[in-house]
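Q: My structure is below; once you've seen it, I'll send some questions.
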Amino acid sequence: MRLALYEPDIPQNAGSLMRLGACLGVGLDIIEPCGFLLSDRNFRRAGMDYLKSADIRRHESWTRFQDGLKAPAREGGPNKQRLILLSTRGDMAYTDFTFAPDDTLLVGRESAGVPRDVHDAADARLVIPLRPGLRSLNVAQAAAMVLGEALRQTGSCPKE
């Protein structure tokens, strides 16, 4: 299981998600360009000293990230990894979805989500049901909710 951030633009959210990944043993992909420098003080403050424990891969573009998803698995043939987009335009509640251990959960930019081509490239588009009239959750909170469910379903939660 991995968590991917598409062109994040708020360093505190990216730092929080890196900390989440480090604590839960989930790798993190950062798809650039970012709306901040990865050396940003706010980014480091949110990630605290957990950043050195995080499995972080940087991708210089959406195309380079996709190339990595399509790459053959090291063993056993083609990569079976699915790309699961968390979106306010999703067509299925995350609680109704069956996750797999090799899924990559993708979150969009806080200010704009993802463009149509990224939306269309996802294998599934999931939504967090909200009360009527409310638009969205903070991207870090949404990712944490869905990641928690994905880890629970796949039996991939860290053991004490």
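The chains in the structure tokens are called A, B, ... from first to last as shown; in each chain the residues are counted from 1, and the ligands are counted from 1 in the order shown.
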Please identify the helix (DSSP H, G or I) residues within range 102-155 of chain A (assignment by DSSP from backbone atoms) and present them as a list of chain:residue names.
A: A:Arg116, A:Asp117, A:Val118, A:His119, A:Asp120, A:Ala121, A:Val139, A:Ala140, A:Gln141, A:Ala142, A:Ala143, A:Ala144, A:Met145, A:Val146, A:Leu147, A:Gly148, A:Glu149, A:Ala150, A:Leu151, A:Arg152, A:Gln153, A:Thr154
Q: Which residues come within 10 Å of Val118 in chain A, counting only C-alpha atoms, excluding same-chain residues fewer than 2 positions away, as a PyMOL selection string?
A: chain A and resi 6+62-63+66+85+106+108+113-116+120-122
Q: Hey, which of A:Ile31, A:Ala100, A:Val107, A:Met92 ends up closest to Leu17 in chain A? Count only C-alpha atoms.
A: A:Val107
Q: Please, which residues of chain A, numbered as in this document, come out strand (DSSP E) from DSSP, as a CSV table (one decimal) with N, CA and C atoms, in the first residue's frame?
A:
chain,number,residue,atom,x,y,z
A,2,ARG,N,0.5,2.2,-0.8
A,2,ARG,CA,1.2,3.5,-0.9
A,2,ARG,C,0.2,4.6,-0.9
A,3,LEU,N,0.7,5.8,-0.6
A,3,LEU,CA,-0.1,7.0,-0.6
A,3,LEU,C,0.6,8.0,-1.5
A,4,ALA,N,-0.1,8.5,-2.5
A,4,ALA,CA,0.5,9.5,-3.4
A,4,ALA,C,-0.1,10.8,-3.3
A,5,LEU,N,0.7,11.9,-3.3
A,5,LEU,CA,0.2,13.3,-3.3
A,5,LEU,C,0.5,13.9,-4.6
A,6,TYR,N,-0.6,14.3,-5.3
A,6,TYR,CA,-0.5,15.0,-6.6
A,6,TYR,C,-0.3,16.5,-6.4
A,27,GLY,N,4.4,3.7,2.3
A,27,GLY,CA,5.3,4.5,1.5
A,27,GLY,C,4.5,5.7,0.9
A,28,LEU,N,5.2,6.8,0.6
A,28,LEU,CA,4.6,8.0,0.1
A,28,LEU,C,5.3,8.4,-1.2
A,29,ASP,N,4.5,8.7,-2.2
A,29,ASP,CA,4.9,9.3,-3.5
A,29,ASP,C,4.5,10.7,-3.6
A,30,ILE,N,5.5,11.6,-3.9
A,30,ILE,CA,5.2,13.0,-4.1
A,30,ILE,C,5.3,13.3,-5.6
A,31,ILE,N,4.2,13.7,-6.2
A,31,ILE,CA,4.2,14.0,-7.6
A,31,ILE,C,4.4,15.5,-7.8
A,56,ILE,N,9.9,7.8,1.2
A,56,ILE,CA,9.4,8.8,0.3
A,56,ILE,C,10.0,8.7,-1.1
A,57,ARG,N,9.2,8.7,-2.1
A,57,ARG,CA,9.7,8.8,-3.5
A,57,ARG,C,9.2,10.0,-4.2
A,58,ARG,N,10.1,10.8,-4.8
A,58,ARG,CA,9.7,12.0,-5.5
A,58,ARG,C,9.6,11.7,-7.0
A,59,HIS,N,8.6,12.2,-7.6
A,59,HIS,CA,8.5,12.0,-9.1
A,59,HIS,C,8.4,13.4,-9.7
A,83,LEU,N,-4.5,2.3,-9.0
A,83,LEU,CA,-4.4,3.7,-8.6
A,83,LEU,C,-5.8,4.0,-8.1
A,84,ILE,N,-6.0,4.4,-6.9
A,84,ILE,CA,-7.3,4.7,-6.3
A,84,ILE,C,-7.3,6.2,-5.9
A,85,LEU,N,-8.1,6.9,-6.6
A,85,LEU,CA,-8.2,8.4,-6.4
A,85,LEU,C,-9.3,8.7,-5.3
A,86,LEU,N,-8.9,9.5,-4.4
A,86,LEU,CA,-9.9,10.1,-3.4
A,86,LEU,C,-10.3,11.4,-3.9
A,92,MET,N,-18.0,6.2,-5.8
A,92,MET,CA,-18.3,5.1,-4.9
A,92,MET,C,-17.7,5.6,-3.5
A,93,ALA,N,-18.5,5.3,-2.5
A,93,ALA,CA,-18.1,5.6,-1.1
A,93,ALA,C,-16.9,4.7,-0.8
A,104,THR,N,-2.4,2.0,-4.5
A,104,THR,CA,-1.8,3.3,-4.3
A,104,THR,C,-3.0,4.3,-4.2
A,105,LEU,N,-3.1,4.9,-3.0
A,105,LEU,CA,-4.2,5.9,-2.8
A,105,LEU,C,-3.7,7.3,-3.2
A,106,LEU,N,-4.4,7.9,-4.1
A,106,LEU,CA,-3.9,9.2,-4.6
A,106,LEU,C,-4.8,10.3,-4.1
A,107,VAL,N,-4.2,11.4,-3.6
A,107,VAL,CA,-5.0,12.6,-3.2
A,107,VAL,C,-4.5,13.8,-4.1
A,124,ALA,N,-10.1,3.5,-9.8
A,124,ALA,CA,-11.3,3.7,-9.0
A,124,ALA,C,-11.3,5.1,-8.5
A,125,ARG,N,-12.4,5.7,-8.3
A,125,ARG,CA,-12.6,7.1,-7.8
A,125,ARG,C,-13.5,7.0,-6.6
A,126,LEU,N,-13.0,7.3,-5.4
A,126,LEU,CA,-13.7,7.1,-4.1
A,126,LEU,C,-14.0,8.4,-3.5
A,127,VAL,N,-15.2,8.5,-2.8
A,127,VAL,CA,-15.6,9.7,-2.2
A,127,VAL,C,-15.9,9.4,-0.7
Q: Using only C-alpha atoms, which of the listed residues (A:Lys70, A:Thr98, A:Arg152, A:Ala144) sits closest to Met18 in chain A?
A: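 The shortest atom-to-atom distance to Met18 in chain A comes from A:Ala144.
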Q: State, in Å with one decimal place, the distance from CA of Arg135 in chain A to CA of Gly21 in chain A.
A: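 Spanning CA of Arg135 in chain A to CA of Gly21 in chain A is a straight-line distance of 25.5 Å.
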Q: Would you work out the distance separating CA of Val139 in chain A from CA of Glu110 in chain A, expressed in Å to one decimal?
A: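 Spanning CA of Val139 in chain A to CA of Glu110 in chain A is a straight-line distance of 6.3 Å.
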Q: Pick out the closest residue to Thr95 in chain A from this set: A:Gly68, A:Gly25, A:Gly133, A:Gly148. Count only C-alpha atoms.
A: A:Gly148
Q: My list of candidates is A:Val146, A:Ala14, A:Leu69, A:Ala22. Which is closest to Tyr50 in chain A when distances are computed with only C-alpha atoms?
A: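 Among the listed residues, A:Ala22 lies closest to Tyr50 in chain A.
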Q: I need the residue nearest Arg82 in chain A from this list: A:Ile10, A:Asp102, A:Arg19, A:Ser136. Use only C-alpha atoms for the distance.
A: A:Asp102
Q: Quick check, in Å to one decimal: how far apart do CA of Asp91 in chain A and CA of Leu130 in chain A lie?
A: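 We find that CA of Asp91 in chain A and CA of Leu130 in chain A lie 13.5 Å from each other.
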Q: Hey, what's within 9 Å of Pro158 in chain A if we count only C-alpha atoms and toss same-chain stuff fewer than 4 positions away? As a PyMOL selection string, please?
A: chain A and resi 23-25+151
